[in-house]
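**Student:** work_4.cif is reproduced below (mmCIF, C-alpha atoms).
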```
data_model
loop_
_atom_site.label_atom_id
_atom_site.label_comp_id
_atom_site.auth_asym_id
_atom_site.auth_seq_id
_atom_site.Cartn_x
_atom_site.Cartn_y
_atom_site.Cartn_z
CA MET B 17 34.36 22.06 -25.15
CA CYS B 18 37.15 21.59 -22.67
CA ALA B 19 39.63 19.37 -24.49
CA LEU B 20 40.92 17.87 -21.27
CA CYS B 21 37.72 17.16 -19.45
CA GLY B 22 35.09 16.85 -22.13
CA VAL B 23 32.94 19.50 -20.45
CA LEU B 24 30.64 21.02 -23.03
CA GLY B 25 30.66 24.77 -23.17
CA GLY B 26 34.01 25.04 -21.48
CA SER B 27 34.90 27.90 -19.26
CA GLU B 28 35.82 31.43 -20.07
CA HIS B 29 39.55 31.69 -19.55
CA TRP B 30 40.72 34.92 -17.96
CA ALA B 31 43.28 35.54 -20.68
CA ASP B 32 40.56 35.17 -23.33
CA ALA B 33 37.71 37.02 -21.68
CA HIS B 34 34.55 37.70 -23.63
CA VAL B 35 33.92 41.28 -24.59
CA ARG B 36 31.77 42.98 -21.98
CA PRO B 37 31.79 46.24 -20.04
CA GLY B 38 34.61 46.45 -17.54
CA ALA B 39 36.43 43.31 -18.66
CA PHE B 40 39.85 43.52 -20.21
CA THR B 41 40.33 41.42 -23.31
CA ARG B 42 42.23 41.48 -26.53
CA ASN B 43 39.34 39.70 -28.26
CA THR B 44 37.64 42.92 -29.22
CA GLY B 45 37.15 41.98 -32.87
CA PRO B 46 38.06 39.29 -35.40
CA LEU B 47 41.29 40.97 -36.44
CA GLU B 48 42.40 41.72 -32.88
CA ARG B 49 41.57 38.17 -31.87
CA ARG B 50 43.68 36.66 -34.66
CA ARG B 51 46.47 39.07 -33.93
CA GLU B 52 46.51 38.07 -30.28
CA ARG B 53 46.54 34.38 -31.21
CA ALA B 54 49.52 34.93 -33.51
CA ARG B 55 51.33 36.84 -30.78
CA ARG B 56 50.58 34.07 -28.31
CA VAL B 57 52.02 31.44 -30.63
CA VAL B 58 55.25 33.43 -31.03
CA HIS B 59 55.72 33.97 -27.29
CA ALA B 60 54.67 30.43 -26.41
CA ASN B 61 57.20 28.93 -28.80
CA ARG B 62 59.98 30.88 -27.15
CA ILE B 63 59.00 29.29 -23.83
CA LEU B 64 58.15 25.85 -25.21
CA GLY B 65 61.34 25.59 -27.28
CA PRO B 66 63.59 24.67 -24.35
CA LEU B 67 61.07 21.97 -23.45
CA GLY B 68 61.21 20.45 -26.93
CA LEU B 69 57.64 21.48 -27.77
CA SER B 70 56.08 23.80 -30.32
CA LEU B 71 52.70 25.48 -30.69
CA ALA B 72 50.74 26.35 -33.82
CA ASP B 73 47.38 27.96 -34.38
CA TRP B 74 44.71 25.61 -35.72
CA GLN B 75 41.94 27.23 -37.73
CA GLY B 76 41.77 30.16 -35.33
CA THR B 77 39.81 28.03 -32.91
CA ALA B 78 42.39 25.89 -31.14
CA PHE B 79 46.13 25.32 -30.88
CA LEU B 80 48.24 22.34 -31.86
CA LEU B 81 50.90 21.46 -29.32
CA SER B 82 53.53 19.11 -30.70
CA THR B 83 56.69 17.34 -29.63
CA ARG B 84 59.71 17.07 -31.90
CA THR B 85 58.65 13.55 -32.83
CA GLY B 86 55.24 14.75 -33.92
CA LYS B 87 53.12 13.72 -30.97
CA THR B 88 50.36 16.31 -30.96
CA GLU B 89 47.60 17.49 -28.65
CA LEU B 90 44.80 19.91 -29.44
CA VAL B 91 44.46 22.62 -26.78
CA ASP B 92 41.75 25.21 -26.26
CA ASN B 93 43.29 27.80 -24.02
CA LEU B 94 46.25 28.69 -21.86
CA SER B 95 45.30 26.62 -18.83
CA HIS B 96 44.99 23.54 -21.04
CA LEU B 97 48.27 24.31 -22.76
CA TRP B 98 50.43 23.52 -19.75
CA ALA B 99 48.47 20.47 -18.69
CA ALA B 100 48.73 19.14 -22.26
CA ALA B 101 52.47 19.91 -22.31
CA GLU B 102 52.90 17.84 -19.18
CA THR B 103 50.92 15.00 -20.72
CA LEU B 104 53.03 15.02 -23.89
CA LEU B 105 56.31 15.21 -22.00
CA GLY B 106 55.31 12.86 -19.22
CA ARG B 107 56.74 15.20 -16.60
CA PRO B 108 55.86 18.49 -14.93
CA VAL B 109 56.58 21.76 -16.68
CA ASP B 110 57.57 24.25 -14.03
CA PRO B 111 58.38 27.92 -14.62
CA LEU B 112 60.39 27.88 -11.39
CA ASP B 113 62.47 24.84 -12.28
CA GLU B 114 66.18 25.60 -12.12
CA ALA B 115 67.13 23.69 -15.26
CA PHE B 116 64.27 25.20 -17.27
CA LEU B 117 65.13 28.72 -16.14
CA LYS B 118 68.79 28.23 -17.09
CA ARG B 119 67.78 27.12 -20.58
CA LEU B 120 65.41 30.05 -20.91
CA GLU B 121 68.06 32.49 -19.68
CA ARG B 122 70.62 31.16 -22.15
CA ARG B 123 68.19 31.81 -24.99
CA ALA B 124 67.45 35.35 -23.83
CA MET X 4 10.65 36.42 -12.50
CA ALA X 5 14.38 36.01 -12.22
CA PRO X 6 16.50 39.03 -12.85
CA SER X 7 18.40 39.02 -16.12
CA SER X 8 21.80 39.69 -14.62
CA PRO X 9 23.56 36.82 -12.85
CA THR X 10 22.82 36.55 -9.15
CA PRO X 11 25.83 37.16 -6.90
CA VAL X 12 26.87 34.21 -4.76
CA VAL X 13 28.46 34.76 -1.37
CA LEU X 14 30.43 31.83 -0.07
CA LEU X 15 30.41 31.72 3.72
CA THR X 16 33.24 29.54 4.85
CA GLY X 17 35.28 28.98 7.99
CA PHE X 18 36.67 26.11 9.97
CA LEU X 19 34.53 23.76 12.04
CA GLY X 20 32.99 25.57 14.97
CA SER X 21 34.13 28.98 13.86
CA GLY X 22 30.61 30.38 13.97
CA LYS X 23 29.45 30.39 10.34
CA THR X 24 25.88 29.43 11.09
CA THR X 25 25.63 31.71 14.12
CA LEU X 26 26.82 34.63 11.99
CA LEU X 27 24.47 33.74 9.16
CA GLY X 28 21.52 33.39 11.50
CA ARG X 29 22.27 36.81 12.90
CA LEU X 30 22.65 38.43 9.50
CA LEU X 31 19.45 36.94 8.14
CA LYS X 32 17.46 38.64 10.87
CA ASP X 33 18.30 41.94 9.20
CA PRO X 34 15.21 42.96 7.16
CA ALA X 35 17.53 44.42 4.53
CA LEU X 36 18.69 40.88 3.74
CA HIS X 37 15.28 39.28 3.43
CA ASP X 38 15.91 38.74 -0.28
CA THR X 39 18.79 36.38 0.42
CA ALA X 40 18.57 32.72 -0.51
CA VAL X 41 20.68 30.29 1.48
CA LEU X 42 22.19 26.95 0.58
CA ILE X 43 23.79 24.97 3.36
CA ASN X 44 25.83 21.81 3.18
CA GLU X 45 24.63 20.35 6.41
CA PHE X 46 22.25 21.20 9.18
CA GLY X 47 24.43 21.86 12.19
CA THR X 48 23.61 22.21 15.83
CA VAL X 49 22.72 25.84 15.34
CA GLY X 50 19.33 26.03 13.69
CA LEU X 51 18.61 28.46 10.90
CA ASP X 52 15.18 29.85 10.44
CA HIS X 53 14.84 31.41 7.05
CA HIS X 54 12.16 31.35 4.39
CA LEU X 55 14.62 30.79 1.53
CA LEU X 56 16.68 27.96 2.87
CA ASP X 57 17.69 24.84 1.04
CA ARG X 58 20.38 22.27 1.45
CA VAL X 59 22.91 20.76 -0.87
CA ASP X 60 22.20 17.09 -1.34
CA GLU X 61 24.46 14.83 0.66
CA ASN X 62 25.29 12.72 -2.36
CA THR X 63 28.44 14.42 -3.44
CA VAL X 64 29.35 13.71 -7.03
CA LEU X 65 32.65 15.14 -8.03
CA LEU X 66 33.29 15.42 -11.71
CA LYS X 67 36.62 13.81 -12.41
CA SER X 68 38.29 16.49 -14.40
CA GLY X 69 41.59 17.04 -16.04
CA CYS X 70 41.98 20.66 -15.10
CA ILE X 71 41.08 22.89 -12.23
CA CYS X 72 38.99 25.27 -14.31
CA CYS X 73 36.48 22.49 -14.96
CA THR X 74 36.29 21.15 -11.43
CA ILE X 75 32.58 21.21 -10.80
CA ARG X 76 30.87 20.04 -7.67
CA GLY X 77 27.89 18.34 -9.22
CA GLU X 78 25.65 18.41 -6.17
CA LEU X 79 26.25 22.10 -5.61
CA SER X 80 25.61 22.86 -9.25
CA ASP X 81 22.35 20.89 -9.10
CA ALA X 82 21.25 22.66 -5.93
CA ILE X 83 21.83 26.11 -7.38
CA LYS X 84 20.12 25.22 -10.67
CA SER X 85 17.17 23.84 -8.73
CA MET X 86 16.88 27.03 -6.70
CA HIS X 87 17.15 29.16 -9.82
CA GLY X 88 14.52 27.08 -11.59
CA ARG X 89 12.08 27.34 -8.69
CA ARG X 90 12.57 31.08 -8.60
CA THR X 91 11.96 31.37 -12.32
CA ARG X 92 8.75 29.34 -12.01
CA GLY X 93 7.62 31.52 -9.12
CA GLU X 94 7.63 28.63 -6.65
CA ILE X 95 9.87 30.57 -4.27
CA PRO X 96 10.18 34.32 -3.79
CA ASP X 97 12.67 36.23 -5.83
CA PHE X 98 16.09 36.68 -4.26
CA ARG X 99 18.90 39.07 -5.02
CA ARG X 100 21.80 37.14 -3.55
CA LEU X 101 22.60 33.56 -2.73
CA VAL X 102 24.65 32.59 0.30
CA ILE X 103 26.33 29.19 0.31
CA GLU X 104 27.48 28.01 3.71
CA SER X 105 30.20 25.47 3.14
CA THR X 106 31.29 22.71 5.48
CA GLY X 107 34.05 23.64 7.88
CA LEU X 108 36.48 21.16 6.38
CA ALA X 109 36.00 22.27 2.80
CA ASP X 110 38.51 24.04 0.65
CA PRO X 111 36.58 26.95 -0.91
CA LEU X 112 38.20 26.56 -4.32
CA PRO X 113 35.91 23.86 -5.76
CA VAL X 114 32.88 25.97 -4.84
CA ILE X 115 34.34 29.00 -6.59
CA SER X 116 35.29 26.99 -9.65
CA THR X 117 31.79 25.50 -9.79
CA ILE X 118 30.28 28.97 -9.95
CA THR X 119 32.71 30.16 -12.58
CA ALA X 120 33.15 27.03 -14.70
CA ASP X 121 29.79 25.28 -14.84
CA PRO X 122 28.63 25.95 -18.40
CA VAL X 123 24.98 26.48 -17.39
CA LEU X 124 25.44 27.96 -13.98
CA ARG X 125 27.78 30.73 -14.96
CA HIS X 126 25.03 32.36 -16.97
CA HIS X 127 22.79 32.57 -13.91
CA VAL X 128 25.13 33.21 -10.99
CA ARG X 129 28.49 34.80 -10.42
CA MET X 130 30.90 34.90 -7.49
CA GLY X 131 30.03 37.81 -5.24
CA ALA X 132 32.45 37.38 -2.36
CA VAL X 133 34.08 34.88 -0.03
CA VAL X 134 33.39 35.57 3.64
CA THR X 135 35.42 33.58 6.14
CA THR X 136 34.79 33.23 9.85
CA VAL X 137 37.84 32.71 12.03
CA ASP X 138 37.60 31.65 15.63
CA ALA X 139 39.70 34.04 17.75
CA VAL X 140 40.13 31.39 20.45
CA ASN X 141 41.21 28.43 18.32
CA GLY X 142 42.08 30.19 15.07
CA ILE X 143 45.85 30.22 15.52
CA ASP X 144 45.94 26.50 16.19
CA GLN X 145 43.67 25.75 13.24
CA LEU X 146 45.69 27.96 10.92
CA ALA X 147 48.86 26.22 12.02
CA HIS X 148 47.62 22.68 11.50
CA GLN X 149 44.69 22.70 9.08
CA PRO X 150 45.50 23.49 5.44
CA GLU X 151 41.78 24.06 4.71
CA SER X 152 41.72 26.74 7.36
CA VAL X 153 44.64 28.54 5.70
CA SER X 154 42.96 28.32 2.32
CA GLN X 155 39.68 29.66 3.73
CA ALA X 156 41.44 32.66 5.29
CA ALA X 157 43.67 33.37 2.31
CA LEU X 158 40.81 33.31 -0.20
CA ALA X 159 38.53 35.54 1.87
CA ASP X 160 37.29 38.87 0.61
CA ARG X 161 36.12 39.56 4.16
CA ILE X 162 37.13 37.93 7.42
CA VAL X 163 34.84 37.89 10.43
CA LEU X 164 36.65 37.23 13.67
CA THR X 165 34.34 35.34 16.03
CA LYS X 166 34.44 34.62 19.76
CA THR X 167 36.52 37.72 20.42
CA ASP X 168 34.51 38.15 23.63
CA LEU X 169 35.91 34.84 24.90
CA CYS X 170 39.59 35.74 24.73
CA ASP X 171 41.89 38.60 25.67
CA ALA X 172 43.30 41.35 23.52
CA ALA X 173 46.67 39.59 23.16
CA ALA X 174 45.02 36.51 21.65
CA ILE X 175 43.04 38.68 19.23
CA ALA X 176 46.21 40.53 18.25
CA ALA X 177 48.04 37.24 17.68
CA VAL X 178 45.38 35.76 15.41
CA THR X 179 45.05 39.07 13.60
CA LEU X 180 48.78 39.04 12.89
CA VAL X 181 48.57 35.55 11.40
CA LEU X 182 45.53 36.50 9.32
CA ARG X 183 47.22 39.62 8.02
CA ASP X 184 50.14 37.49 6.83
CA LEU X 185 47.76 35.28 4.92
CA ASN X 186 45.47 37.96 3.67
CA PRO X 187 46.69 41.53 4.10
CA ASP X 188 43.77 43.27 2.43
CA ALA X 189 40.50 41.64 3.42
CA PRO X 190 38.54 43.80 5.86
CA LEU X 191 38.71 42.23 9.30
CA LEU X 192 35.43 42.46 11.19
CA SER X 193 34.52 41.35 14.66
CA ALA X 194 31.34 39.36 15.20
CA ALA X 195 31.24 40.34 18.86
CA THR X 196 30.47 43.94 18.07
CA GLY X 197 26.80 44.66 17.94
CA ASP X 198 26.88 46.75 14.81
CA LEU X 199 27.71 44.19 12.15
CA ASP X 200 26.36 45.45 8.85
CA GLY X 201 24.88 42.49 7.03
CA ALA X 202 24.70 44.26 3.70
CA THR X 203 28.42 45.00 3.93
CA ILE X 204 29.40 41.50 4.96
CA LEU X 205 27.28 39.84 2.29
CA GLY X 206 27.93 42.54 -0.29
CA GLU X 207 29.87 41.92 -3.44
CA ARG X 208 33.63 41.84 -3.54
CA PRO X 209 34.74 45.27 -4.70
CA VAL X 210 36.53 45.50 -7.98
CA LEU X 211 40.19 45.30 -7.11
CA SER X 212 40.58 48.54 -5.29
CA SER X 213 42.09 51.27 -7.30
CA SER X 214 43.55 52.41 -4.03
CA LEU X 215 47.22 51.77 -3.71
CA ALA X 216 46.59 50.60 -0.17
CA SER X 217 45.35 47.29 -1.55
CA LEU X 218 48.69 46.77 -3.23
CA ARG X 219 50.86 47.91 -0.42
CA CYS X 220 54.15 46.41 0.52
CA VAL X 221 56.80 47.25 3.05
CA ALA X 222 60.42 47.97 2.46
CA ALA X 223 62.40 44.93 1.49
CA PRO X 224 64.77 43.60 4.09
CA ASP X 225 68.45 43.66 3.29
CA GLY X 226 69.67 40.82 1.18
CA SER X 227 67.80 38.40 -0.97
CA PRO X 228 64.12 38.03 -0.19
CA GLY X 229 63.17 34.70 1.26
CA MET X 230 60.45 33.00 3.22
CA THR X 231 59.10 35.21 5.93
CA HIS X 232 56.68 35.25 8.83
CA GLY X 233 58.48 32.37 10.49
CA GLY X 234 56.59 29.97 8.30
CA ALA X 235 56.12 28.98 4.72
CA VAL X 236 53.64 31.73 3.86
CA ALA X 237 55.17 34.79 2.24
CA SER X 238 53.61 37.92 0.87
CA PHE X 239 55.59 40.06 -1.48
CA ALA X 240 55.08 42.72 -4.06
CA LEU X 241 56.72 43.24 -7.42
CA VAL X 242 56.87 46.62 -9.06
CA PHE X 243 57.56 46.94 -12.78
CA ASP X 244 58.80 50.16 -14.29
CA GLU X 245 58.16 49.13 -17.89
CA ALA X 246 54.75 48.42 -19.40
CA LEU X 247 54.03 44.69 -19.43
CA ASP X 248 53.34 42.46 -22.41
CA TRP X 249 49.88 41.03 -21.70
CA THR X 250 50.33 37.97 -23.90
CA LEU X 251 53.61 37.00 -22.30
CA PHE X 252 52.26 37.72 -18.83
CA GLY X 253 49.30 35.44 -19.50
CA LEU X 254 51.59 32.62 -20.57
CA TRP X 255 53.78 33.05 -17.51
CA LEU X 256 50.96 33.26 -14.97
CA THR X 257 49.03 30.32 -16.40
CA MET X 258 52.21 28.23 -16.40
CA LEU X 259 52.91 29.18 -12.79
CA LEU X 260 49.35 28.49 -11.65
CA ASN X 261 49.19 25.21 -13.53
CA ARG X 262 52.09 23.86 -11.48
CA HIS X 263 51.86 25.89 -8.27
CA GLY X 264 48.24 27.05 -8.13
CA ARG X 265 47.67 25.51 -4.72
CA ARG X 266 50.71 27.32 -3.37
CA VAL X 267 49.82 30.70 -4.78
CA LEU X 268 47.17 31.60 -2.25
CA ARG X 269 46.50 34.95 -3.85
CA VAL X 270 47.80 37.09 -6.64
CA LYS X 271 46.50 40.52 -7.37
CA GLY X 272 47.82 43.40 -9.30
CA LEU X 273 47.38 46.65 -11.10
CA LEU X 274 49.05 46.34 -14.49
CA ASN X 275 50.32 48.91 -16.92
CA LEU X 276 50.02 47.02 -20.19
CA GLN X 277 51.60 47.79 -23.50
CA GLY X 278 48.95 49.30 -25.77
CA SER X 279 46.58 50.27 -22.95
CA ASP X 280 46.30 53.77 -21.51
CA THR X 281 44.48 52.73 -18.37
CA PRO X 282 45.36 50.02 -15.86
CA VAL X 283 44.11 46.49 -15.77
CA ALA X 284 43.38 44.84 -12.42
CA ILE X 285 43.87 41.14 -12.00
CA HIS X 286 42.83 39.02 -9.06
CA GLY X 287 43.53 35.36 -8.59
CA VAL X 288 42.68 32.99 -5.78
CA GLY X 289 44.66 29.79 -5.89
CA PRO X 290 44.71 28.46 -9.43
CA LEU X 291 41.64 30.50 -10.41
CA VAL X 292 41.97 33.98 -11.87
CA HIS X 293 38.97 36.28 -12.19
CA VAL X 294 38.27 37.98 -15.48
CA PRO X 295 40.63 40.97 -15.58
CA THR X 296 39.04 44.34 -14.96
CA HIS X 297 39.85 47.26 -17.21
CA LEU X 298 39.83 50.32 -14.97
CA THR X 299 38.86 53.64 -16.43
CA ALA X 300 41.71 55.62 -14.88
CA TRP X 301 44.91 55.36 -12.89
CA PRO X 302 44.45 56.02 -9.18
CA ASP X 303 47.38 58.48 -9.15
CA THR X 304 50.40 59.56 -11.15
CA ASP X 305 52.31 56.34 -10.54
CA ARG X 306 52.05 54.30 -13.75
CA ARG X 307 54.10 51.33 -12.63
CA SER X 308 52.63 47.85 -12.61
CA ARG X 309 52.28 46.26 -9.22
CA LEU X 310 51.80 42.58 -8.46
CA VAL X 311 51.21 41.23 -4.97
CA PHE X 312 51.64 37.54 -4.24
CA ILE X 313 50.75 35.57 -1.15
CA THR X 314 52.38 32.20 -1.48
CA ARG X 315 52.96 29.08 0.53
CA ASP X 316 56.23 27.19 0.20
CA LEU X 317 57.33 29.18 -2.83
CA ASP X 318 60.54 31.16 -2.99
CA PRO X 319 59.76 34.79 -3.95
CA GLY X 320 63.25 35.12 -5.39
CA LEU X 321 62.56 32.26 -7.77
CA ILE X 322 59.34 33.91 -8.95
CA ARG X 323 61.22 37.10 -9.66
CA ARG X 324 63.90 35.15 -11.53
CA SER X 325 61.25 33.37 -13.55
CA LEU X 326 59.67 36.69 -14.55
CA ASP X 327 63.13 37.86 -15.61
CA ALA X 328 63.78 34.74 -17.65
CA PHE X 329 60.44 35.15 -19.41
CA GLY X 330 61.48 38.70 -20.31
CA LEU X 331 58.73 40.33 -18.26
CA THR X 332 60.55 42.36 -15.67
CA GLY X 333 63.67 43.97 -17.08
CA ALA X 334 66.36 45.27 -14.81
CA ALA X 335 64.15 47.95 -13.36
CA ALA X 336 61.72 45.71 -11.49
CA SER X 337 61.96 45.78 -7.74
CA MET X 338 60.65 43.53 -5.08
CA ALA X 339 59.47 44.05 -1.55
CA VAL X 340 58.75 41.28 0.89
CA ALA X 341 56.20 41.81 3.61
#
```
Before we go any further, please render this structure as structure tokens.

**Tutor:**
Amino acid sequence: MCALCGVLGGSEHWADAHVRPGAFTRNTGPLERRRERARRVVHANRILGPLGLSLADWQGTAFLLSTRTGKTELVDNLSHLWAAAETLLGRPVDPLDEAFLKRLERRA
Amino acid sequence: MAPSSPTPVVLLTGFLGSGKTTLLGRLLKDPALHDTAVLINEFGTVGLDHHLLDRVDENTVLLKSGCICCTIRGELSDAIKSMHGRRTRGEIPDFRRLVIESTGLADPLPVISTITADPVLRHHVRMGAVVTTVDAVNGIDQLAHQPESVSQAALADRIVLTKTDLCDAAAIAAVTLVLRDLNPDAPLLSAATGDLDGATILGERPVLSSSLASLRCVAAPDGSPGMTHGGAVASFALVFDEALDWTLFGLWLTMLLNRHGRRVLRVKGLLNLQGSDTPVAIHGVGPLVHVPTHLTAWPDTDRRSRLVFITRDLDPGLIRRSLDAFGLTGAAASMAVA
């Protein structure tokens, strides 16, 4: 189900495509799927850190997005991640924002 | 009996009076397209005579959604399900493609997202192609003042230039130039020529061409790249020497599209990914990205990743800087602005 909209079935996100001929996906098996989720959490936390947010895997089926004070949202996929981040922070999260880029560049 | 594979949907769009219905009427006369079902939003002044014609109910119910990927036009979804159900029950003849003629003032994105996001529908239909008609006489004015018109042209897989017999070559060249800025790759066809091939126009969008021509860019002008084309629409290409991290790229692109999806008219690319021997093609229209295609081979010896953006009111330099900050580009990436 789409966590944001309550739509049953949800949509197939392009970064988590189902296995089928011609489609590129890292979800080719249980191990690969878990590995990709772990990798996503690591990378996401590097980006979310400057925003004061953190991401954790939840049961291999969803992600927990949390603020430093513990406010938490359950997110299904990458498109929901950023919308949920904006909800938790109460402001837009913009990869082209000058201040955000400076913080990210300092961490690099 | 309905075929087991999802039926391709062709969205026929174009601004008011740009000749959508005239084109469709002409195409449907082709016997090769007799197995085409048609859904129209409204009956216009140009009548359509076709045995597989239905209309989308006027009662538009928009699902109030939190995210673009779940934006579903309820009435369109219902109309397609109804058509599919009638076909399955044998009440209407079988059809191999479905053409949806949208209203001239509609942004095509909600239609595309309905096809791809509706949890029932996406098992029965899939996006085939977006065909946009552009009026050669009034097109420039519409593209300058009507955001829907820009969106329709930018999202097109094929553009059909109409009314070219009513204007001179200079006017056609001018509108072609504007269209090429918005959409450099879509085949540009002229409705005035007598040899329009219906099967080609209503055919499926090709898998992102493995040809480098679809990812072309011109030499970057001196200095920092900025907005070009005398307006806010810019097309630019990024070339990456190093293999890309797919996970990080996914995070970056989804973050960009979440905030700027309406301003990224198109993004397409051929990616060399870490851990993959063959390239992956991605193709996004607005905030929606198609399922990435894993190609079986590289088109040539060049193994660099290429990303082409067509944006509106976005600074290409800032996108490049963002990719750098995310650790995606490295010092070797280069940029060209068309």

**Student:** Under the PyMOL selection byres ((chain B and resi 85-88) around 10), which residues of this model are included? Write them out as a short mmCIF file (atom, residue, chain, number, x, y, z; two decimals) with C-alpha atoms, in the coordinates of the input.

**Tutor:**
```cif
data_model
loop_
_atom_site.label_atom_id
_atom_site.label_comp_id
_atom_site.auth_asym_id
_atom_site.auth_seq_id
_atom_site.Cartn_x
_atom_site.Cartn_y
_atom_site.Cartn_z
CA GLY B 68 61.21 20.45 -26.93
CA LEU B 69 57.64 21.48 -27.77
CA SER B 70 56.08 23.80 -30.32
CA LEU B 71 52.70 25.48 -30.69
CA PHE B 79 46.13 25.32 -30.88
CA LEU B 80 48.24 22.34 -31.86
CA LEU B 81 50.90 21.46 -29.32
CA SER B 82 53.53 19.11 -30.70
CA THR B 83 56.69 17.34 -29.63
CA ARG B 84 59.71 17.07 -31.90
CA GLU B 89 47.60 17.49 -28.65
CA LEU B 90 44.80 19.91 -29.44
CA VAL B 91 44.46 22.62 -26.78
CA ALA B 100 48.73 19.14 -22.26
CA ALA B 101 52.47 19.91 -22.31
CA LEU B 104 53.03 15.02 -23.89
CA LEU B 105 56.31 15.21 -22.00
#
```

**Student:** Give as JSON, numbers by chain the set of residues within 8 Å of the point (59.6, 28.7, -15.9), where distances use the file's coordinates and all atoms listed in the file.

**Tutor:** {"B": [63, 109, 110, 111, 112, 113, 116, 117, 120], "X": [255, 258, 259, 325, 328, 329]}

**Student:** Written as a list in words, which residues does the PyMOL selection byres ((chain X) within 6 of (chain B)) give for the file shown?

**Tutor:**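 Given this file, the PyMOL selection byres ((chain X) within 6 of (chain B)) evaluates to Ser68, Gly69, Ala120, Pro122, Thr250, Thr257, Leu259, Val294, Pro295, Thr296, His297, Ser325 and Ala328 of chain X.
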
**Student:** Could you give me, as a PyMOL selection string, the residues within 7 Å of segment 143-158 of chain X, counting all atoms listed in the file and dropping anything in the same chain fewer than 5 positions from it?

**Tutor:** chain X and resi 16-18+108-111+133+135+178+182+185-186+268-269+288

**Student:** For the selection you just gave me, I'd like the residues written to a file as a compact mmCIF listing (two decimals), keeping the file's coordinate frame, keeping C-alpha atoms.

**Tutor:**
```txt
# COMPACT_ATOMS: atom_id res chain seq x y z
CA THR X 16 33.24 29.54 4.85
CA GLY X 17 35.28 28.98 7.99
CA PHE X 18 36.67 26.11 9.97
CA LEU X 108 36.48 21.16 6.38
CA ALA X 109 36.00 22.27 2.80
CA ASP X 110 38.51 24.04 0.65
CA PRO X 111 36.58 26.95 -0.91
CA VAL X 133 34.08 34.88 -0.03
CA THR X 135 35.42 33.58 6.14
CA VAL X 178 45.38 35.76 15.41
CA LEU X 182 45.53 36.50 9.32
CA LEU X 185 47.76 35.28 4.92
CA ASN X 186 45.47 37.96 3.67
CA LEU X 268 47.17 31.60 -2.25
CA ARG X 269 46.50 34.95 -3.85
CA VAL X 288 42.68 32.99 -5.78
```

**Student:** Any idea what the distance is between atom CA of Gly289 of chain X and atom CA of Thr314 of chain X?

**Tutor:**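 The value is 9.2 Å.
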
**Student:** Of the residues X:Ala189, X:Ala235, X:Ile285, X:Leu273, which is the one nearest to Asp305 of chain X, using only C-alpha atoms?

**Tutor:**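 The closest residue to Asp305 of chain X is X:Leu273.
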
**Student:** Could you please determine the separation between atom CA of Asn275 of chain X and atom CA of Glu48 of chain B in Å, to one decimal place?

**Tutor:**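 These two atoms are separated by 19.2 Å.
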
**Student:** Where does the PyMOL selection byres ((chain X and resi 15) around 9) land in this file, that is, which residues does it pick, as a ChimeraX atom specification?

**Tutor:** /X:13-14,16-17,23-24,27,102-105,132-136,205

**Student:** At what distance in Å, to one decimal, does atom CA of Arg315 of chain X lie from atom CA of His263 of chain X?

**Tutor:**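 These atoms are spaced 9.4 Å apart.
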
**Student:** Looking at X:Ile313, X:Leu241, X:Leu79, X:Ala246, which one is nearest to Val267 of chain X, with distances taken over all atoms listed in the file?

**Tutor:**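 Closest to Val267 of chain X of all the choices is X:Ile313.
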